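Visitor: Next comes data18.tsv, TSV, C-alpha atoms:
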chain	number	residue	atom	x	y	z
A	1	MET	CA	27.69	-14.24	19.16
A	2	HIS	CA	24.25	-15.82	19.13
A	3	SER	CA	23.30	-17.82	16.07
A	4	ASP	CA	20.29	-15.56	15.43
A	5	ASP	CA	22.32	-12.35	15.53
A	6	LYS	CA	22.42	-10.64	12.17
A	7	PRO	CA	25.37	-8.53	11.01
A	8	LYS	CA	24.60	-4.82	11.01
A	9	ALA	CA	24.64	-2.94	7.74
A	10	PRO	CA	27.54	-0.48	7.35
A	11	TRP	CA	26.67	3.18	7.96
A	12	LEU	CA	27.49	4.07	4.34
A	13	LEU	CA	24.86	1.62	3.10
A	14	LYS	CA	22.32	3.02	5.57
A	15	LEU	CA	23.11	6.54	4.35
A	16	ALA	CA	22.67	5.49	0.71
A	17	VAL	CA	19.29	3.88	1.50
A	18	ALA	CA	18.14	6.98	3.39
A	19	ALA	CA	19.23	9.24	0.51
A	20	GLY	CA	17.39	7.06	-1.99
A	21	MET	CA	14.22	7.11	0.10
A	22	LEU	CA	14.42	10.89	0.49
A	23	PHE	CA	14.92	11.31	-3.26
A	24	MET	CA	11.78	9.25	-3.99
A	25	LEU	CA	9.61	10.75	-1.26
A	26	PHE	CA	10.63	14.41	-1.51
A	27	PRO	CA	8.15	15.31	-4.32
A	28	ILE	CA	5.32	13.71	-2.34
A	29	LEU	CA	6.35	15.63	0.78
A	30	VAL	CA	6.29	18.88	-1.20
A	31	ILE	CA	2.76	18.17	-2.45
A	32	ALA	CA	1.67	17.29	1.10
A	33	MET	CA	3.09	20.53	2.52
A	34	TYR	CA	1.46	22.77	-0.09
A	35	ALA	CA	-1.88	20.98	0.24
A	36	PHE	CA	-2.08	22.62	3.69
A	37	ASN	CA	-0.56	25.96	2.69
A	38	ASP	CA	-2.77	29.00	3.39
A	39	GLU	CA	-1.45	30.88	0.34
A	40	SER	CA	-3.39	30.34	-2.90
A	41	SER	CA	-0.41	30.89	-5.23
A	42	ALA	CA	1.49	27.78	-6.17
A	43	PHE	CA	4.68	26.76	-4.35
A	44	THR	CA	5.62	30.00	-2.59
A	45	PHE	CA	8.27	29.66	0.10
A	46	PRO	CA	8.21	29.92	3.04
A	47	LEU	CA	4.73	28.58	3.71
A	48	SER	CA	2.34	31.34	4.72
A	49	GLY	CA	0.30	29.28	7.19
A	50	PHE	CA	-1.65	26.11	7.88
A	51	THR	CA	-5.18	25.60	6.54
A	52	LEU	CA	-7.68	22.89	5.66
A	53	LYS	CA	-9.80	25.08	3.38
A	54	TRP	CA	-8.44	23.54	0.18
A	55	PHE	CA	-9.81	20.15	1.21
A	56	SER	CA	-13.34	21.54	1.50
A	57	LYS	CA	-12.93	23.38	-1.80
A	58	ALA	CA	-11.75	20.15	-3.46
A	59	PHE	CA	-14.84	18.25	-2.29
A	60	GLU	CA	-17.06	21.08	-3.55
A	61	ARG	CA	-15.86	20.40	-7.11
A	62	SER	CA	-18.51	18.27	-8.80
A	63	ASP	CA	-16.16	17.43	-11.69
A	64	MET	CA	-13.59	16.06	-9.25
A	65	LEU	CA	-16.20	13.96	-7.43
A	66	GLN	CA	-17.48	12.52	-10.71
A	67	ALA	CA	-13.93	11.63	-11.75
A	68	ALA	CA	-13.26	10.04	-8.35
A	69	LEU	CA	-16.44	7.93	-8.54
A	70	LEU	CA	-15.51	6.78	-12.04
A	71	SER	CA	-12.02	5.80	-10.86
A	72	LEU	CA	-13.49	3.85	-7.93
A	73	GLU	CA	-15.94	2.07	-10.22
A	74	VAL	CA	-13.27	1.18	-12.77
A	75	ALA	CA	-10.77	0.03	-10.14
A	76	THR	CA	-13.38	-2.13	-8.40
A	77	LEU	CA	-14.58	-3.82	-11.60
A	78	ALA	CA	-11.04	-4.28	-12.97
A	79	SER	CA	-9.75	-5.79	-9.72
A	80	LEU	CA	-12.72	-8.19	-9.44
A	81	LEU	CA	-12.20	-9.36	-13.02
A	82	ALA	CA	-8.46	-9.67	-12.35
A	83	ILE	CA	-9.13	-11.83	-9.28
A	84	VAL	CA	-11.33	-14.23	-11.26
A	85	LEU	CA	-9.18	-14.43	-14.41
A	86	GLY	CA	-5.81	-14.31	-12.63
A	87	THR	CA	-6.73	-17.03	-10.13
A	88	MET	CA	-8.16	-19.34	-12.80
A	89	ALA	CA	-5.08	-18.86	-14.97
A	90	ALA	CA	-2.73	-19.52	-12.04
A	91	LEU	CA	-4.57	-22.72	-11.12
A	92	ALA	CA	-4.32	-23.91	-14.73
A	93	VAL	CA	-0.63	-23.13	-15.13
A	94	TYR	CA	1.17	-23.78	-11.85
A	95	ARG	CA	1.25	-27.61	-11.78
A	96	ARG	CA	0.60	-28.93	-15.25
A	97	GLU	CA	3.16	-29.18	-18.00
A	98	PHE	CA	1.74	-28.58	-21.48
A	99	PRO	CA	3.02	-27.16	-24.78
A	100	GLY	CA	3.15	-23.38	-24.74
A	101	ARG	CA	3.08	-23.12	-20.93
A	102	GLU	CA	6.03	-20.73	-20.72
A	103	THR	CA	4.67	-18.70	-23.64
A	104	LEU	CA	1.35	-18.36	-21.81
A	105	HIS	CA	3.19	-17.26	-18.68
A	106	LEU	CA	5.03	-14.63	-20.70
A	107	MET	CA	1.81	-13.38	-22.28
A	108	PHE	CA	0.22	-12.83	-18.87
A	109	ASN	CA	3.20	-10.73	-17.80
A	110	LEU	CA	3.54	-8.84	-21.09
A	111	PRO	CA	1.03	-6.01	-20.43
A	112	ILE	CA	2.80	-4.96	-17.24
A	113	ALA	CA	6.25	-5.29	-18.82
A	114	LEU	CA	5.53	-3.26	-21.96
A	115	PRO	CA	5.55	0.56	-21.87
A	116	GLY	CA	2.08	1.89	-21.10
A	117	ILE	CA	1.86	3.78	-24.38
A	118	ILE	CA	2.42	0.56	-26.36
A	119	THR	CA	-0.31	-1.21	-24.39
A	120	GLY	CA	-2.61	1.77	-24.86
A	121	ILE	CA	-2.13	1.91	-28.64
A	122	ALA	CA	-2.64	-1.86	-28.94
A	123	LEU	CA	-5.83	-1.68	-26.89
A	124	LEU	CA	-7.16	1.27	-28.89
A	125	SER	CA	-6.57	-0.57	-32.17
A	126	SER	CA	-8.25	-3.72	-30.84
A	127	LEU	CA	-11.26	-1.80	-29.51
A	128	ARG	CA	-11.70	-0.06	-32.85
A	129	LEU	CA	-11.68	-3.43	-34.65
A	130	LEU	CA	-14.44	-4.57	-32.27
A	131	ASP	CA	-16.41	-1.34	-32.87
A	132	LEU	CA	-16.52	-0.59	-29.15
A	133	GLU	CA	-17.18	3.02	-28.23
A	134	PRO	CA	-14.76	4.42	-25.62
A	135	GLY	CA	-16.34	4.53	-22.19
A	136	LEU	CA	-16.57	2.65	-18.90
A	137	LEU	CA	-16.42	-0.78	-20.56
A	138	THR	CA	-13.30	-0.01	-22.59
A	139	ILE	CA	-11.53	1.49	-19.57
A	140	VAL	CA	-12.30	-1.60	-17.49
A	141	ILE	CA	-11.07	-3.89	-20.29
A	142	GLY	CA	-7.86	-1.88	-20.60
A	143	HIS	CA	-7.18	-1.89	-16.86
A	144	THR	CA	-7.97	-5.59	-16.49
A	145	THR	CA	-5.26	-6.51	-19.00
A	146	PHE	CA	-2.50	-5.31	-16.67
A	147	CYS	CA	-4.31	-5.97	-13.35
A	148	VAL	CA	-4.59	-9.70	-14.08
A	149	VAL	CA	-0.84	-10.11	-13.79
A	150	MET	CA	-0.86	-8.81	-10.19
A	151	VAL	CA	-3.22	-11.59	-9.09
A	152	TYR	CA	-1.69	-14.19	-11.40
A	153	ASN	CA	1.88	-13.75	-10.17
A	154	ASN	CA	0.81	-13.63	-6.51
A	155	VAL	CA	-1.25	-16.80	-6.75
A	156	VAL	CA	1.29	-18.74	-8.83
A	157	ALA	CA	4.04	-17.91	-6.32
A	158	ARG	CA	1.86	-19.05	-3.43
A	159	LEU	CA	0.69	-22.26	-5.14
A	160	ARG	CA	4.27	-23.26	-5.83
A	161	ARG	CA	4.94	-23.14	-2.07
A	162	ILE	CA	2.10	-25.56	-1.25
A	163	PRO	CA	3.71	-29.04	-1.26
A	164	VAL	CA	2.21	-31.54	-3.65
A	165	SER	CA	2.50	-34.09	-0.84
A	166	LEU	CA	-0.11	-32.12	1.14
A	167	ILE	CA	-2.58	-32.41	-1.72
A	168	GLU	CA	-1.76	-36.09	-2.27
A	169	CYS	CA	-2.23	-36.77	1.43
A	170	SER	CA	-5.69	-35.21	1.31
A	171	MET	CA	-6.65	-37.33	-1.69
A	172	ASP	CA	-5.25	-40.49	-0.04
A	173	LEU	CA	-7.43	-39.87	3.01
A	174	GLY	CA	-10.55	-39.97	0.85
A	175	SER	CA	-11.14	-36.34	-0.10
A	176	ASN	CA	-12.35	-35.68	-3.62
A	177	ALA	CA	-10.92	-32.92	-5.82
A	178	PHE	CA	-13.39	-30.28	-4.60
A	179	GLN	CA	-12.82	-31.08	-0.93
A	180	THR	CA	-9.04	-30.96	-1.41
A	181	PHE	CA	-9.32	-27.61	-3.16
A	182	ARG	CA	-11.61	-26.23	-0.46
A	183	HIS	CA	-9.63	-27.39	2.57
A	184	ILE	CA	-6.03	-27.36	1.30
A	185	VAL	CA	-5.52	-25.27	-1.83
A	186	LEU	CA	-7.99	-22.43	-1.19
A	187	PRO	CA	-6.82	-21.64	2.38
A	188	GLY	CA	-3.25	-21.75	1.16
A	189	MET	CA	-3.78	-19.21	-1.62
A	190	ALA	CA	-6.56	-17.06	-0.09
A	191	THR	CA	-4.36	-14.25	1.23
A	192	ALA	CA	-2.38	-14.19	-2.04
A	193	VAL	CA	-5.60	-13.80	-4.04
A	194	LEU	CA	-6.84	-10.99	-1.81
A	195	ALA	CA	-3.47	-9.24	-1.74
A	196	GLY	CA	-3.25	-9.46	-5.54
A	197	GLY	CA	-6.73	-7.97	-5.83
A	198	ILE	CA	-5.80	-5.10	-3.51
A	199	LEU	CA	-2.65	-4.38	-5.51
A	200	ALA	CA	-4.69	-4.51	-8.72
A	201	PHE	CA	-7.14	-1.97	-7.26
A	202	ALA	CA	-4.31	0.42	-6.35
A	203	LEU	CA	-2.69	0.00	-9.77
A	204	SER	CA	-5.97	0.63	-11.59
A	205	PHE	CA	-6.99	3.63	-9.48
A	206	ASP	CA	-3.99	5.77	-10.46
A	207	GLU	CA	-3.47	4.49	-14.04
A	208	ILE	CA	-3.35	7.28	-16.62
A	209	ILE	CA	-1.50	6.21	-19.79
A	210	VAL	CA	-3.74	3.29	-20.79
A	211	THR	CA	-6.78	5.25	-19.62
A	212	THR	CA	-5.95	8.09	-22.00
A	213	PHE	CA	-6.26	5.72	-24.97
A	214	THR	CA	-9.40	3.93	-23.81
A	215	ALA	CA	-11.49	6.55	-21.98
A	216	GLY	CA	-12.74	8.71	-24.84
A	217	SER	CA	-14.61	11.64	-23.25
A	218	GLN	CA	-14.67	9.93	-19.82
A	219	ARG	CA	-12.31	11.35	-17.19
A	220	THR	CA	-10.95	9.30	-14.33
A	221	LEU	CA	-9.31	11.05	-11.40
A	222	PRO	CA	-5.73	10.80	-12.74
A	223	VAL	CA	-6.89	12.21	-16.12
A	224	TRP	CA	-8.71	15.03	-14.28
A	225	LEU	CA	-5.54	15.69	-12.31
A	226	LEU	CA	-3.45	15.89	-15.47
A	227	ASN	CA	-5.85	18.44	-16.97
A	228	GLN	CA	-5.63	20.51	-13.78
A	229	LEU	CA	-1.90	21.09	-14.29
A	230	THR	CA	-2.75	23.66	-16.99
A	231	LYS	CA	-4.72	25.72	-14.41
A	232	PRO	CA	-2.25	27.45	-12.03
A	233	ARG	CA	-5.04	29.08	-10.00
A	234	ASP	CA	-6.37	25.65	-9.05
A	235	MET	CA	-2.97	24.36	-7.92
A	236	PRO	CA	-3.87	24.16	-4.18
A	237	VAL	CA	-6.90	22.00	-5.01
A	238	THR	CA	-4.73	19.95	-7.36
A	239	ASN	CA	-2.23	19.35	-4.53
A	240	VAL	CA	-5.04	18.15	-2.25
A	241	VAL	CA	-6.36	15.68	-4.83
A	242	ALA	CA	-2.82	14.44	-5.59
A	243	LEU	CA	-2.27	13.84	-1.87
A	244	LEU	CA	-5.57	11.94	-1.60
A	245	ILE	CA	-4.66	9.75	-4.60
A	246	THR	CA	-1.32	8.99	-2.94
A	247	LEU	CA	-3.11	7.88	0.22
A	248	VAL	CA	-5.73	5.84	-1.66
A	249	THR	CA	-3.02	3.93	-3.56
A	250	THR	CA	-0.54	3.60	-0.67
A	251	ILE	CA	-2.91	2.25	1.98
A	252	PRO	CA	-3.98	-0.81	-0.11
A	253	ILE	CA	-0.33	-1.63	-0.83
A	254	ILE	CA	0.52	-1.55	2.89
A	255	ALA	CA	-2.58	-3.64	3.61
A	256	ALA	CA	-1.54	-6.21	0.99
A	257	TYR	CA	1.94	-6.40	2.50
A	258	ARG	CA	0.62	-6.88	6.04
A	259	MET	CA	-1.87	-9.44	4.80
A	260	THR	CA	0.76	-11.67	3.21
A	261	MET	CA	3.42	-11.12	5.90
A	262	GLY	CA	4.09	-14.40	7.68
A	263	THR	CA	2.18	-16.53	5.17
A	264	GLU	CA	5.09	-17.28	2.84
A	265	GLY	CA	5.57	-20.81	4.11
A	266	THR	CA	3.21	-23.73	3.99
A	267	GLU	CA	2.33	-23.57	7.66
A	268	GLY	CA	1.49	-19.88	7.58
A	269	ALA	CA	-0.42	-20.11	4.33
A	270	VAL	CA	-2.70	-22.98	5.32
A	271	LYS	CA	-3.18	-21.74	8.89
Write out the structure in this file as structure tokens.

Guide:
Amino acid sequence: MHSDDKPKAPWLLKLAVAAGMLFMLFPILVIAMYAFNDESSAFTFPLSGFTLKWFSKAFERSDMLQAALLSLEVATLASLLAIVLGTMAALAVYRREFPGRETLHLMFNLPIALPGIITGIALLSSLRLLDLEPGLLTIVIGHTTFCVVMVYNNVVARLRRIPVSLIECSMDLGSNAFQTFRHIVLPGMATAVLAGGILAFALSFDEIIVTTFTAGSQRTLPVWLLNQLTKPRDMPVTNVVALLITLVTTIPIIAAYRMTMGTEGTEGAVK
């Protein structure tokens, strides 16, 4: 046996993994099938035929387009703020020991660990104390609170894999702090920052629980989709929009994975 040969997983384990994947993906597959179903009634079986007409009808809905544009705007602003705040926090925390460091680390992770309804209620109470009217600003603030952790954790994990000796070597060769950051630290964490921002965008785009507490009369695409569930006649259009949201949130996650693949080590990160 070659040293690089890996033992094969037993067939029972493969079967369990396949069953778990099917269990998770089956609802999405159902939505995808009925998004192309020619029949207007919801979830009739067997499928009556293949059609693309529901896609055109979905894009004719001005309320859906407005909700989609709002979701894109919120996700973009929240992810940009998360990149700035998460990166700065990671740079401040990863190397220095100071009182309350672990508490600060816990606080950054708290919004993503708590149930969404708890975060939403806390945000609503805080926004009321600040006399902020629900709208775009409050939605962005709410989404940024849990998007920051995506960038923060990514960057902290990457910074911990950059050897201190590499930074010390740069300083010993005459580089100042800015030059060391630019040529050593920044290249090493760049893909982690970008991947964290992409994940934050995907997380923000399909967020609904926190949005419900902070949006007021504004409707993002997930909120619009939730309201559509009470309208059975619009179910084909609802299936189309749900499928599009799945694609919009899945593609960035795959892109973030491909972007960070092979950059886990020091050599790959600084390359």

Visitor: To one decimal place in Å, what is the distance between atom CA of A:Leu104 and atom CA of A:Asn176?

Guide: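 Between atom CA of A:Leu104 and atom CA of A:Asn176 the gap is 28.6 Å.
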
Visitor: Go through A:Ile112, A:Val17, A:Val237, A:Leu173 one by one, measure the shortest atom-to-atom distance of each to A:Glu207 using only C-alpha atoms, and give the residue with the smallest value.

Guide: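 For A:Glu207, the nearest of the given residues is A:Ile112.
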
Visitor: Just the residues within 9 Å of A:Leu77, please, counting only C-alpha atoms, with nothing from its chain fewer than 6 positions along; format it as JSON, numbers by chain.

Guide: {"A": [140, 144, 201]}

Visitor: By how many Å are atom CA of A:Ala122 and atom CA of A:Ser71 apart?

Guide: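 Value for the atom CA of A:Ala122-atom CA of A:Ser71 distance: 21.8 Å.
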
Visitor: Tell me which of A:Leu15, A:Leu72, A:Met235, A:Met259 sits closest to A:Phe36, counting only C-alpha atoms.

Guide: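 Smallest distance to A:Phe36 is found for A:Met235.
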
Visitor: Of the candidates A:Ala195, A:Glu39, A:Arg219, A:Arg61, which shows the shortest atom-to-atom distance to A:Ile254, using all atoms listed in the file?

Guide: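 Counting all atoms listed in the file, the residue closest to A:Ile254 is A:Ala195.
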
Visitor: Hey, can I get the axis-aligned box for stretch 97-114 of chain A? All listed atoms, 4 Å padding on each side, centre and edge lengths in Å to one decimal, as lines of an AutoDock Vina configuration file.

Guide:
center_x = 3.2
center_y = -16.2
center_z = -21.0
size_x = 14.0
size_y = 33.9
size_z = 15.5

Visitor: Suppose you want the space between atom CA of A:Ala58 and atom CA of A:Pro232; what is it in Å?

Guide: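 Those two atoms sit 14.7 Å apart.
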
Visitor: Compare A:Ala92, A:Ala255, A:Leu221, A:Leu159 by their minimum atom-to-atom distance to A:Glu73, counting all atoms listed in the file, and give me the closest one.

Guide: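 Of the candidates, the smallest distance to A:Glu73 is held by A:Leu221.
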
Visitor: List the neighbours of A:Leu137 out to 12 Å using all atoms listed in the file; skip same-chain residues closer than 6 positions along the sequence, and give me the result as a count of residues only.

Guide: 14

Visitor: Using only C-alpha atoms, which of the listed residues (A:Ala16, A:Ile253, A:Val30, A:Glu60) sits closest to A:Pro46?

Guide: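 Answer, going by the shortest atom-to-atom distance: A:Val30.
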
Visitor: So which one's closest to A:Val241, A:Thr212, A:Thr145, A:Gln228, A:Thr191? Using all atoms listed in the file, please.

Guide: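 Ranked by minimum distance to A:Val241, first place goes to A:Gln228.
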